[in-house]
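With mmCIF, C-alpha atoms and all ligand atoms inside, this is upload.cif:
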```cif
data_coords
#
loop_
_atom_site.label_atom_id
_atom_site.label_comp_id
_atom_site.auth_asym_id
_atom_site.auth_seq_id
_atom_site.Cartn_x
_atom_site.Cartn_y
_atom_site.Cartn_z
CA MET A 99 -0.52 -62.44 126.09
CA HIS A 100 3.11 -63.36 126.60
CA ILE A 101 3.82 -65.87 129.36
CA GLU A 102 7.30 -66.75 130.55
CA ASP A 103 7.92 -70.12 132.23
CA ALA A 104 9.73 -70.42 135.57
CA PRO A 105 8.78 -73.90 136.82
CA SER A 106 8.17 -74.57 140.50
CA PRO A 107 8.40 -78.04 142.08
CA ASN A 108 5.70 -77.10 144.60
CA PHE A 109 2.61 -78.88 143.29
CA ASP A 110 0.95 -82.29 143.18
CA ASP A 111 -2.13 -83.86 141.56
CA ARG A 112 -5.57 -82.28 141.49
CA LYS A 113 -8.39 -84.26 143.11
CA HIS A 114 -11.27 -82.12 141.82
CA PRO A 115 -12.19 -80.15 138.70
CA VAL A 116 -11.42 -76.42 138.59
CA SER A 117 -14.30 -74.20 139.70
CA LEU A 118 -12.54 -71.21 141.32
CA LEU A 119 -9.97 -68.56 140.52
CA VAL A 120 -8.07 -67.33 143.59
CA LEU A 121 -6.24 -63.99 143.54
CA HIS A 122 -3.38 -63.17 145.92
CA TYR A 123 -0.78 -60.50 146.47
CA THR A 124 2.78 -61.61 147.00
CA GLY A 125 3.32 -59.42 150.10
CA MET A 126 7.10 -59.44 149.69
CA GLU A 127 9.76 -56.84 148.97
CA SER A 128 9.93 -57.67 145.25
CA GLY A 129 8.55 -59.90 142.53
CA ASP A 130 11.91 -61.63 142.22
CA ALA A 131 11.91 -62.47 145.93
CA ALA A 132 8.40 -63.91 145.63
CA LEU A 133 9.37 -65.90 142.56
CA ALA A 134 12.43 -67.34 144.30
CA ARG A 135 10.33 -68.36 147.30
CA MET A 136 7.68 -70.02 145.15
CA ARG A 137 10.39 -72.01 143.35
CA ASP A 138 12.12 -73.09 146.55
CA PRO A 139 11.21 -76.73 147.38
CA GLU A 140 11.68 -75.96 151.10
CA ALA A 141 9.02 -73.24 151.05
CA LYS A 142 6.30 -75.61 149.79
CA VAL A 143 4.31 -72.73 148.32
CA SER A 144 3.53 -71.79 144.73
CA ALA A 145 0.84 -70.53 142.40
CA HIS A 146 0.04 -71.22 138.78
CA TYR A 147 0.93 -67.69 137.73
CA MET A 148 2.62 -64.57 139.00
CA VAL A 149 1.84 -61.18 137.44
CA ARG A 150 4.60 -58.61 137.76
CA GLU A 151 4.02 -54.89 138.32
CA ASP A 152 4.81 -54.19 134.64
CA GLY A 153 2.23 -56.74 133.50
CA ARG A 154 4.62 -59.54 132.56
CA ILE A 155 3.20 -62.95 133.41
CA VAL A 156 5.21 -65.89 134.77
CA ARG A 157 3.87 -69.46 134.79
CA LEU A 158 5.17 -71.56 137.69
CA VAL A 159 2.82 -74.55 137.63
CA ALA A 160 0.84 -75.94 134.69
CA GLU A 161 -2.89 -75.48 135.18
CA ASN A 162 -3.50 -79.21 135.38
CA GLY A 163 -1.28 -79.37 138.48
CA ARG A 164 -2.41 -78.64 142.04
CA ALA A 165 -0.36 -75.58 142.99
CA TRP A 166 0.03 -74.85 146.69
CA HIS A 167 -1.38 -71.36 147.14
CA ALA A 168 -4.64 -71.51 149.10
CA GLY A 169 -3.62 -73.40 152.25
CA VAL A 170 -6.38 -74.32 154.68
CA SER A 171 -9.37 -72.64 153.11
CA LYS A 172 -13.07 -72.97 152.43
CA TRP A 173 -15.59 -71.43 150.04
CA GLN A 174 -19.27 -72.24 149.62
CA GLY A 175 -18.79 -75.26 151.85
CA LEU A 176 -15.98 -76.74 149.76
CA ASP A 177 -12.47 -77.48 150.99
CA ASP A 178 -9.20 -78.54 149.33
CA LEU A 179 -9.43 -75.37 147.30
CA ASN A 180 -5.96 -75.98 145.85
CA SER A 181 -7.53 -78.91 143.99
CA ARG A 182 -10.43 -76.75 142.81
CA SER A 183 -8.73 -73.55 141.74
CA VAL A 184 -6.23 -71.75 139.61
CA GLY A 185 -4.11 -69.39 141.70
CA ILE A 186 -2.60 -66.09 140.59
CA GLU A 187 -0.04 -64.25 142.72
CA ILE A 188 0.00 -60.54 141.92
CA VAL A 189 3.22 -58.74 142.79
CA ASN A 190 2.36 -56.15 145.44
CA GLY A 191 4.02 -55.46 148.77
CA GLY A 192 0.65 -55.28 150.47
CA HIS A 193 0.25 -54.55 154.15
CA ASP A 194 3.80 -55.61 155.07
CA TYR A 195 5.59 -53.48 152.46
CA PRO A 196 3.62 -50.23 152.18
CA ALA A 197 4.37 -47.39 149.78
CA PRO A 198 6.79 -44.66 151.02
CA GLY A 199 3.86 -42.55 152.26
CA GLY A 200 2.63 -45.44 154.38
CA GLN A 201 -0.41 -46.23 152.26
CA LEU A 202 -1.00 -49.58 150.61
CA PRO A 203 1.04 -49.79 147.38
CA PRO A 204 -1.26 -49.29 144.37
CA TYR A 205 -1.68 -51.94 141.69
CA PRO A 206 -0.40 -50.33 138.46
CA ASP A 207 -2.88 -50.14 135.57
CA VAL A 208 -0.71 -52.27 133.29
CA GLN A 209 -0.59 -54.98 135.94
CA VAL A 210 -4.35 -54.88 136.48
CA ALA A 211 -4.85 -55.15 132.71
CA ALA A 212 -2.68 -58.27 132.64
CA VAL A 213 -4.57 -59.78 135.60
CA ILE A 214 -7.85 -59.11 133.78
CA ALA A 215 -6.62 -60.69 130.52
CA LEU A 216 -5.24 -63.77 132.28
CA SER A 217 -8.30 -64.14 134.52
CA ARG A 218 -10.65 -63.82 131.57
CA GLN A 219 -8.86 -66.61 129.75
CA ILE A 220 -8.88 -68.92 132.80
CA MET A 221 -12.51 -68.23 133.73
CA ALA A 222 -13.64 -68.85 130.14
CA HIS A 223 -11.59 -72.03 129.81
CA TYR A 224 -13.04 -73.65 132.95
CA ALA A 225 -16.45 -71.92 132.74
CA ILE A 226 -15.83 -70.45 136.21
CA PRO A 227 -18.94 -68.47 137.20
CA PRO A 228 -18.62 -64.86 138.45
CA LYS A 229 -19.02 -66.02 142.07
CA GLY A 230 -16.03 -68.33 141.61
CA LEU A 231 -13.67 -65.36 141.48
CA VAL A 232 -12.31 -64.95 145.02
CA GLY A 233 -9.53 -63.36 146.99
CA HIS A 234 -7.35 -65.34 149.37
CA SER A 235 -8.93 -63.39 152.25
CA ASP A 236 -12.39 -64.57 151.15
CA ILE A 237 -11.47 -68.25 151.44
CA ALA A 238 -9.22 -68.02 154.53
CA PRO A 239 -10.67 -65.06 156.47
CA SER A 240 -9.04 -65.91 159.81
CA ARG A 241 -5.55 -66.14 158.32
CA LYS A 242 -5.27 -63.97 155.22
CA ILE A 243 -5.86 -60.38 154.13
CA ASP A 244 -4.60 -60.54 150.54
CA PRO A 245 -5.07 -59.28 147.84
CA GLY A 246 -6.05 -56.41 150.15
CA GLU A 247 -8.69 -53.72 150.28
CA HIS A 248 -6.69 -51.77 147.67
CA PHE A 249 -7.23 -54.47 145.03
CA PRO A 250 -9.55 -53.09 142.31
CA TRP A 251 -12.35 -55.68 142.35
CA GLN A 252 -14.70 -53.12 140.87
CA ARG A 253 -12.50 -52.71 137.79
CA LEU A 254 -12.45 -56.47 137.28
CA ALA A 255 -16.24 -56.52 137.49
CA GLU A 256 -16.44 -53.67 134.97
CA ALA A 257 -14.34 -55.87 132.69
CA GLY A 258 -16.90 -58.65 133.11
CA LEU A 259 -15.10 -60.61 135.85
CA GLY A 260 -16.90 -61.21 139.13
CA LEU A 261 -19.82 -59.32 140.60
CA TRP A 262 -19.96 -55.75 141.84
CA PRO A 263 -23.50 -54.56 142.48
CA GLN A 264 -23.49 -50.79 142.87
CA PRO A 265 -23.99 -49.87 146.53
CA ASP A 266 -27.64 -49.09 147.10
CA THR A 267 -27.39 -46.32 149.65
CA GLY A 268 -31.05 -45.40 149.46
CA ALA A 269 -32.55 -48.70 150.52
CA ALA A 270 -33.81 -48.96 154.05
CA CYS A 271 -32.18 -51.62 156.15
CA VAL A 272 -34.88 -54.00 157.23
CA TRP A 273 -32.94 -56.11 159.66
CA SER A 274 -30.65 -55.41 162.53
CA GLY A 275 -27.17 -56.54 163.47
CA GLY A 276 -28.68 -58.25 166.47
CA ASP A 277 -30.15 -60.82 164.12
CA ALA A 278 -27.08 -63.02 164.17
CA SER A 279 -28.65 -65.93 162.31
CA ARG A 280 -29.46 -63.66 159.38
CA LEU A 281 -25.98 -62.16 159.38
CA ASN A 282 -24.49 -65.66 159.34
CA ALA A 283 -26.89 -66.86 156.66
CA HIS A 284 -25.98 -63.98 154.35
CA LEU A 285 -22.23 -64.51 154.82
CA ALA A 286 -22.67 -68.24 154.17
CA ALA A 287 -24.87 -67.63 151.12
CA ILE A 288 -22.05 -65.65 149.54
CA GLY A 289 -19.62 -68.45 150.34
CA TYR A 290 -17.79 -67.40 153.52
CA ASP A 291 -16.81 -69.97 156.10
CA ILE A 292 -18.58 -68.69 159.22
CA THR A 293 -16.54 -70.64 161.78
CA ASP A 294 -15.13 -67.23 162.74
CA VAL A 295 -17.91 -64.75 162.00
CA PRO A 296 -16.00 -61.54 162.88
CA ALA A 297 -13.18 -62.60 160.54
CA ALA A 298 -15.66 -63.44 157.79
CA LEU A 299 -17.33 -60.05 158.27
CA ARG A 300 -14.00 -58.25 157.95
CA ALA A 301 -13.16 -60.27 154.82
CA PHE A 302 -16.54 -59.30 153.41
CA GLN A 303 -15.85 -55.62 154.10
CA ARG A 304 -12.34 -55.87 152.66
CA ARG A 305 -13.83 -57.13 149.41
CA TRP A 306 -17.09 -55.22 149.12
CA MET A 307 -16.70 -52.11 151.32
CA PRO A 308 -12.96 -51.42 151.18
CA ALA A 309 -13.29 -47.98 152.77
CA SER A 310 -14.79 -49.32 156.01
CA ILE A 311 -13.18 -52.48 157.34
CA THR A 312 -14.50 -52.10 160.86
CA GLY A 313 -15.59 -55.64 161.68
CA MET A 314 -18.83 -54.05 162.88
CA ALA A 315 -22.25 -55.13 161.62
CA ASP A 316 -23.41 -51.52 161.20
CA ALA A 317 -26.35 -50.45 159.04
CA ASP A 318 -24.25 -49.85 155.92
CA THR A 319 -22.59 -53.24 156.27
CA LEU A 320 -25.90 -55.04 156.75
CA ARG A 321 -27.37 -53.34 153.70
CA ARG A 322 -24.35 -54.20 151.55
CA LEU A 323 -24.35 -57.75 152.89
CA ALA A 324 -28.00 -58.28 151.95
CA GLN A 325 -27.28 -56.83 148.52
CA ILE A 326 -24.28 -59.06 147.80
CA ALA A 327 -26.02 -62.14 149.20
CA ALA A 328 -28.96 -61.48 146.87
CA ALA A 329 -26.55 -61.23 143.93
CA TYR A 330 -24.78 -64.46 144.90
CA ALA A 331 -27.79 -66.55 145.85
CA PRO A 332 -30.75 -64.99 144.03
CA ALA A 333 -33.01 -67.98 144.70
CA SER A 334 -32.81 -67.90 148.48
ZN ZN B 1 -2.43 -65.37 149.37
#
```
Rewritten as structure tokens:
Amino acid sequence: MHIEDAPSPNFDDRKHPVSLLVLHYTGMESGDAALARMRDPEAKVSAHYMVREDGRIVRLVAENGRAWHAGVSKWQGLDDLNSRSVGIEIVNGGHDYPAPGGQLPPYPDVQVAAVIALSRQIMAHYAIPPKGLVGHSDIAPSRKIDPGEHFPWQRLAEAGLGLWPQPDTGAACVWSGGDASRLNAHLAAIGYDITDVPAALRAFQRRWMPASITGMADADTLRRLAQIAAAYAPAS
């Protein structure tokens, strides 16, 4: 894996050990524009790595530094996620820079392969568990929607990174959306901050049910939620 260095001044000291890997999209017009922004001291943003569309990897901040990528965020009750994570920015225009046909711009295979290789190395090095692989939208559901519903989480899981239980369409749903405490408990068991439940529910759908980001606690969503919660917190 070839990694090119393009140092950013936008980092400080970690206060906690690494236990998470956070994936982002750049959401800008080009990789070069994103790189310039992340190296601009005025912007006060960065990431440890950026993965270009052709799979080339750029290192901006050494992993022992606290890169500034997560912002105000929370996962499984923990905050200061910049101190607890490695952050990868994946070059993709996202929702603000759609493909010419208007759809979300796809992540090229060669880029996904590079993200998988880099993520595998990071997760092995820090012994990050599968549930420690998160998207920016998972940890900041009220503010962020990256890396987007078009990000191939399932392919990462097939490569051994993160969890992707196959949807169990046959199982009967044994609880109703009216049971708000159960809805909240399942979202929290996975790790979502439930200060804003509708936002957390949309973030959940963006990650686990990318074809139906409705914000509605319908039967399919409740079934999927119970399934993912069971995978994340098997003891409860
Ligand atoms: Zn982000």
Give the residues close to ligand ZN 1 (chain B), within 8 Å, counting all atoms listed in the file; write them as a ChimeraX atom specification.
/A:121-124,167-168,187,233-235,242-245
In terms of only C-alpha atoms, the residue from A:Ala211, A:Val120, A:Met136, A:Met221 at minimal distance from A:Gly185 is A:Val120
Could you tell me how far atom CA of A:Asp291 lies from atom CA of A:Val159, in Å and to one decimal?
27.3 Å
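Here atom CA of A:Gly313 is placed at a distance of 6.0 Å from atom CA of A:Pro296.
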Smallest atom-to-atom distance to A:Gly246: which of A:Pro308, A:Pro227, A:Pro263, A:Pro198, using only C-alpha atoms?
A:Pro308
For the interface of stretch 148-220 of chain A with stretch 115-118 of chain A (cut-off 7 Å, counting only C-alpha atoms), please tabulate each contacting residue of stretch 148-220 of chain A alongside its nearest pair of atoms and their separation in Å to one decimal, rows sorted by chain and increasing number, as a Markdown table.
```
| residue | atom | partner | partner_atom | distance |
| --- | --- | --- | --- | --- |
| A:Arg182 | CA | A:Val116 | CA | 4.3 |
| A:Ser183 | CA | A:Leu118 | CA | 4.5 |
| A:Val184 | CA | A:Leu118 | CA | 6.6 |
```
Stretch 129-145 of chain A from the block above, all heavy atoms, as a compact mmCIF listing (two decimals), in the first residue's frame, please?
```txt
# COMPACT_ATOMS: atom_id res chain seq x y z
N GLY A 129 -10.79 16.08 -5.15
CA GLY A 129 -9.88 15.65 -4.10
C GLY A 129 -8.85 16.73 -3.78
O GLY A 129 -8.51 16.95 -2.61
N ASP A 130 -8.37 17.41 -4.82
CA ASP A 130 -7.37 18.45 -4.58
C ASP A 130 -7.94 19.59 -3.75
O ASP A 130 -7.26 20.15 -2.88
CB ASP A 130 -6.82 18.97 -5.91
CG ASP A 130 -5.88 17.97 -6.56
OD1 ASP A 130 -5.33 17.11 -5.84
OD2 ASP A 130 -5.71 18.02 -7.80
N ALA A 131 -9.20 19.94 -4.01
CA ALA A 131 -9.84 21.00 -3.23
C ALA A 131 -9.97 20.58 -1.76
O ALA A 131 -9.73 21.37 -0.84
CB ALA A 131 -11.21 21.33 -3.81
N ALA A 132 -10.34 19.32 -1.55
CA ALA A 132 -10.47 18.82 -0.18
C ALA A 132 -9.12 18.80 0.52
O ALA A 132 -9.01 19.18 1.70
CB ALA A 132 -11.09 17.42 -0.20
N LEU A 133 -8.10 18.38 -0.22
CA LEU A 133 -6.76 18.32 0.36
C LEU A 133 -6.28 19.71 0.75
O LEU A 133 -5.74 19.91 1.85
CB LEU A 133 -5.80 17.68 -0.65
CG LEU A 133 -4.43 17.26 -0.13
CD1 LEU A 133 -4.56 16.18 0.95
CD2 LEU A 133 -3.56 16.76 -1.28
N ALA A 134 -6.51 20.68 -0.12
CA ALA A 134 -6.09 22.06 0.17
C ALA A 134 -6.80 22.58 1.41
O ALA A 134 -6.19 23.21 2.28
CB ALA A 134 -6.39 22.95 -1.04
N ARG A 135 -8.09 22.29 1.52
CA ARG A 135 -8.85 22.75 2.69
C ARG A 135 -8.33 22.11 3.97
O ARG A 135 -8.16 22.78 4.99
CB ARG A 135 -10.33 22.44 2.50
CG ARG A 135 -11.19 22.87 3.67
CD ARG A 135 -12.64 23.14 3.26
NE ARG A 135 -13.35 23.76 4.36
CZ ARG A 135 -14.01 23.06 5.30
NH1 ARG A 135 -14.08 21.75 5.23
NH2 ARG A 135 -14.61 23.68 6.30
N MET A 136 -8.04 20.82 3.90
CA MET A 136 -7.58 20.12 5.11
C MET A 136 -6.15 20.51 5.50
O MET A 136 -5.71 20.20 6.60
CB MET A 136 -7.69 18.60 4.93
CG MET A 136 -9.13 18.11 4.94
SD MET A 136 -9.26 16.32 5.09
CE MET A 136 -8.86 15.80 3.42
N ARG A 137 -5.44 21.17 4.60
CA ARG A 137 -4.08 21.63 4.93
C ARG A 137 -4.04 23.12 5.26
O ARG A 137 -2.98 23.65 5.59
CB ARG A 137 -3.14 21.33 3.76
CG ARG A 137 -3.08 19.83 3.45
CD ARG A 137 -2.08 19.54 2.36
NE ARG A 137 -0.71 19.67 2.85
CZ ARG A 137 0.37 19.66 2.06
NH1 ARG A 137 0.22 19.56 0.74
NH2 ARG A 137 1.57 19.78 2.58
N ASP A 138 -5.21 23.76 5.18
CA ASP A 138 -5.29 25.20 5.44
C ASP A 138 -5.47 25.43 6.94
O ASP A 138 -6.47 24.99 7.53
CB ASP A 138 -6.50 25.75 4.66
CG ASP A 138 -6.76 27.22 4.97
OD1 ASP A 138 -6.01 27.83 5.76
OD2 ASP A 138 -7.74 27.76 4.41
N PRO A 139 -4.52 26.10 7.59
CA PRO A 139 -4.64 26.30 9.05
C PRO A 139 -5.89 27.05 9.44
O PRO A 139 -6.43 26.87 10.54
CB PRO A 139 -3.37 27.09 9.41
CG PRO A 139 -2.72 27.49 8.15
CD PRO A 139 -3.28 26.66 7.03
N GLU A 140 -6.42 27.90 8.55
CA GLU A 140 -7.65 28.65 8.84
C GLU A 140 -8.87 27.74 8.92
O GLU A 140 -9.82 28.03 9.64
CB GLU A 140 -7.90 29.69 7.74
CG GLU A 140 -6.81 30.74 7.60
CD GLU A 140 -6.76 31.66 8.82
OE1 GLU A 140 -7.82 32.17 9.21
OE2 GLU A 140 -5.66 31.82 9.38
N ALA A 141 -8.86 26.66 8.15
CA ALA A 141 -10.04 25.79 8.07
C ALA A 141 -10.21 24.96 9.34
O ALA A 141 -11.33 24.57 9.69
CB ALA A 141 -9.94 24.87 6.85
N LYS A 142 -9.11 24.67 10.02
CA LYS A 142 -9.16 23.90 11.27
C LYS A 142 -9.87 22.55 11.12
O LYS A 142 -10.55 22.09 12.03
CB LYS A 142 -9.83 24.72 12.38
CG LYS A 142 -9.02 25.95 12.79
CD LYS A 142 -9.66 26.67 13.97
CE LYS A 142 -8.75 27.67 14.66
NZ LYS A 142 -7.97 28.55 13.78
N VAL A 143 -9.72 21.94 9.95
CA VAL A 143 -10.23 20.58 9.75
C VAL A 143 -9.13 19.74 9.12
O VAL A 143 -8.23 20.27 8.46
CB VAL A 143 -11.49 20.53 8.85
CG1 VAL A 143 -12.67 21.22 9.51
CG2 VAL A 143 -11.21 21.12 7.47
N SER A 144 -9.23 18.43 9.34
CA SER A 144 -8.25 17.51 8.76
C SER A 144 -8.80 16.10 8.88
O SER A 144 -9.96 15.89 9.24
CB SER A 144 -6.91 17.62 9.50
OG SER A 144 -7.07 17.22 10.85
N ALA A 145 -7.95 15.15 8.56
CA ALA A 145 -8.21 13.73 8.79
C ALA A 145 -6.83 13.09 8.80
O ALA A 145 -5.86 13.75 8.42
CB ALA A 145 -9.08 13.15 7.68
```
